[in-house]
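Please read the structure below before turning to the comments.
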Amino acid sequence: MFLIYLLIIIALPIYAQSKVKSAYSKYSRVRSTSGMTGAEVARLILDKNGLQDVKVVETPGVLSDHYNPITKTVALSTDNYRKPSVAGTAVAAHEVGHAIQDAHDYAFLRFRHRLAPVANITSNASWIFIMGGLFFSSLNSLLGIGIALMAVGVLFQVVTLPVEFNASSRAMNQIVELGIIRNEEEPAAKKVLSAAALTYVAAAAVAVLELVRLLLIFTNRE
């Protein structure tokens with residue numbers, strides 16, 4: 001049973017990463033019919049939504065794209081920022097989707113933002129207690145504390161899902177309504193966004209599985 005569990009938590013993230021890399025690699029080579037770079041796509045959507053105060057900047061790396069709600073900045077990786085591709089269009093629109101969520105005070109984004117610093121601390125600290133509880137069975141309370149701390153990190157992973165799915169939905173609506181992509185490009189853009197979303201699903205699934213496993217160990221010791 002443990003081997004099956006181990007196989008799942010190893011294979012699921014690898015599969016998700018391979019899907020997103022495959023989709024992104026394929027469609028980053030397909031030039032968008034609009035001829036707009038990711039930076040231009042992001043700027044257009046932001047302006048059309050009255051978000052002229054949100055900046056669009058270039059950031060190093062591959063698929064390092066993100067939105068920073070503190071600095072009100074959409075950061076796009078070099079290829080997506082500079083090149084006109086279907087993948088770049090989808091990714092840029094997705095990150096702008098987060099900016100629109102921010103502007104509309106989207107509840108899940110607000111909650112995730114507030115939870116992030118707490119989850120970062122508790123996730124790192126949880127393993128100290130968990131390892132202590134696992135090595136010393138007489139100190140089961142340590143394991144319980146570790147599980148409680150880990151649960152905060154798992155909650156963060158779960159809350160991330162609606163945030164990412166909603167941003168992708170907003171992205172598709174924007175690039176279609178604004179005529180940034182044509183009908184024949186929609187399936188490709190959706191594939192890029194769906195593959196990216198799968199990585200968050202995999203991360204959340206692995207986190208939940210590990211939490212459940214530790215809970216079973218904890219309860220069986222009672």
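Chain lettering (A, B, ...) mirrors the order of the structure tokens, residue numbering begins at 1 for each chain separately, and ligand numbering begins at 1 in order of display.
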message = Just want the 12 Å neighbourhood of segment 170-183 of chain A, counted on only C-alpha atoms, with same-chain residues fewer than 6 positions away dropped. Output as a PyMOL selection string.
response = chain A and resi 31-38+40-42+44-49+84-101+104+106+162-164+189-194
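Near Gln157 of chain A, within a cut-off of 6 Å and counting only C-alpha atoms, sit the residues Val154, Thr160 and Ala204 of chain A, with same-chain residues fewer than 3 positions away left out.
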inquiry  = Using only C-alpha atoms, which protein or nucleic acid residues come within 10 Å of Leu76 of chain A? Drop anything in the same chain fewer than 3 positions from it, and give the result as a ChimeraX atom specification.
reply    = /A:38-39,42,56-67,73,79-82,88,91-92,95
inquiry  = Between atom CA of Arg112 of chain A and atom CA of Gly153 of chain A, what distance in Å does the model show, to one decimal?
reply    =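 Rounded to one decimal, the two atoms are 10.6 Å apart.
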request  = Rounded to one decimal place, report the atom CA of Gly144 of chain A-atom CA of Thr219 of chain A distance in Å.
outcome  =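 Rounded to one decimal, the two atoms are 9.3 Å apart.
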key: DSSP strand (DSSP E) residues within segment 48-208 of chain A, listed as an MDAnalysis selection string   = chainID A and resid 55:59 66:68 73:77
Could you write out that same residue set with C-alpha atoms as a PDB file, in the first residue's frame?
ATOM      1  CA  LYS A  55       2.759  47.740 -14.409  1.00  0.00           C
ATOM      2  CA  VAL A  56       3.922  45.073 -16.870  1.00  0.00           C
ATOM      3  CA  VAL A  57       7.577  44.115 -16.457  1.00  0.00           C
ATOM      4  CA  GLU A  58       9.988  41.489 -17.756  1.00  0.00           C
ATOM      5  CA  THR A  59      11.346  38.878 -15.357  1.00  0.00           C
ATOM      6  CA  HIS A  66       3.429  35.978 -11.873  1.00  0.00           C
ATOM      7  CA  TYR A  67       1.329  38.825 -10.505  1.00  0.00           C
ATOM      8  CA  ASN A  68       2.423  40.689  -7.391  1.00  0.00           C
ATOM      9  CA  THR A  73       2.930  44.324 -11.130  1.00  0.00           C
ATOM     10  CA  VAL A  74       2.422  41.704 -13.838  1.00  0.00           C
ATOM     11  CA  ALA A  75       5.814  40.064 -14.375  1.00  0.00           C
ATOM     12  CA  LEU A  76       6.273  38.067 -17.583  1.00  0.00           C
ATOM     13  CA  SER A  77       9.183  35.757 -18.397  1.00  0.00           C
TER      14      SER A  77
END
query = To one decimal place, how far is atom CA of Ile145 of chain A from atom CA of Leu3 of chain A in Å?
reply =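 Interatomic distance here is 26.3 Å.
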Give me, as a tab-separated table, each residue of segment 123-215 of chain A that comes within 12 Å of segment 7-25 of chain A, together with its shortest interatomic pair and the distance in Å at one decimal, counting only C-alpha atoms, with rows ordered by chain and rising residue number.
residue	atom	partner	partner_atom	distance
A:Pro187	CA	A:Ala23	CA	11.4
A:Ala188	CA	A:Ala23	CA	8.4
A:Ala189	CA	A:Ala23	CA	9.4
A:Lys190	CA	A:Ala23	CA	10.0
A:Lys191	CA	A:Ala23	CA	6.7
A:Val192	CA	A:Ala23	CA	5.5
A:Leu193	CA	A:Val20	CA	8.5
A:Ser194	CA	A:Val20	CA	8.2
A:Ala195	CA	A:Val20	CA	4.6
A:Ala196	CA	A:Val20	CA	5.3
A:Ala197	CA	A:Val20	CA	8.5
A:Leu198	CA	A:Ala16	CA	5.7
A:Thr199	CA	A:Ala16	CA	5.0
A:Tyr200	CA	A:Ala16	CA	8.6
A:Val201	CA	A:Ala16	CA	8.5
A:Ala202	CA	A:Pro13	CA	5.5
A:Ala203	CA	A:Pro13	CA	6.6
A:Ala204	CA	A:Pro13	CA	9.9
A:Ala205	CA	A:Ile9	CA	8.3
A:Val206	CA	A:Ile9	CA	5.5
A:Ala207	CA	A:Ile9	CA	8.8
A:Val208	CA	A:Ile9	CA	10.3
A:Leu209	CA	A:Ile9	CA	8.0
A:Glu210	CA	A:Ile9	CA	8.4
A:Leu211	CA	A:Ile9	CA	12.0
A:Arg213	CA	A:Ile9	CA	11.6
Write the residues of the preceding selection, restricted to C-alpha atoms, as a JSON list (two decimals), in the first residue's frame.
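Generated file (selection.json):
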[["chain", "number", "residue", "atom", "x", "y", "z"],
["A", 187, "PRO", "CA", -8.26, 25.31, -28.13],
["A", 188, "ALA", "CA", -4.49, 25.91, -28.03],
["A", 189, "ALA", "CA", -4.80, 28.69, -25.45],
["A", 190, "LYS", "CA", -7.06, 26.49, -23.32],
["A", 191, "LYS", "CA", -4.56, 23.63, -23.48],
["A", 192, "VAL", "CA", -1.79, 25.87, -22.16],
["A", 193, "LEU", "CA", -3.95, 27.15, -19.31],
["A", 194, "SER", "CA", -5.32, 23.68, -18.47],
["A", 195, "ALA", "CA", -1.83, 22.18, -18.36],
["A", 196, "ALA", "CA", -0.67, 24.96, -16.05],
["A", 197, "ALA", "CA", -3.68, 24.43, -13.80],
["A", 198, "LEU", "CA", -2.85, 20.72, -13.56],
["A", 199, "THR", "CA", 0.38, 21.54, -11.71],
["A", 200, "TYR", "CA", -1.65, 23.23, -8.95],
["A", 201, "VAL", "CA", -4.08, 20.31, -8.81],
["A", 202, "ALA", "CA", -1.17, 17.87, -8.48],
["A", 203, "ALA", "CA", 0.48, 19.93, -5.73],
["A", 204, "ALA", "CA", -2.78, 20.15, -3.78],
["A", 205, "ALA", "CA", -3.49, 16.42, -4.22],
["A", 206, "VAL", "CA", -0.02, 15.43, -2.98],
["A", 207, "ALA", "CA", -0.33, 17.79, 0.00],
["A", 208, "VAL", "CA", -3.74, 16.38, 0.97],
["A", 209, "LEU", "CA", -2.55, 12.78, 0.59],
["A", 210, "GLU", "CA", 0.47, 13.40, 2.81],
["A", 211, "LEU", "CA", -1.72, 15.08, 5.43],
["A", 213, "ARG", "CA", -1.26, 9.66, 5.74]]
task = Determine the nearest neighbour of Gly133 of chain A from the options A:Val54, A:Ile147, A:Leu6, A:Ala167, counting only C-alpha atoms.
result = A:Ile147
task = Mind the document's chain letters and residue numbers, and return as a VMD selection string the residues of segment 24-206 of chain A that DSSP labels alpha helix (DSSP H).
result = chain A and resid 24 to 27 38 to 48 78 to 82 86 to 103 107 to 135 140 to 177 186 to 206
message = When you count only C-alpha atoms, which of these residues is closest to Lys83 of chain A: A:Ile70, A:Leu149, A:Ile4, A:Val30?
response = A:Val30
key: Residue nearest Ile130 of chain A - candidates A:Val118, A:Leu214, A:Val158, A:Ala103, atoms counted: only C-alpha atoms   = A:Leu214
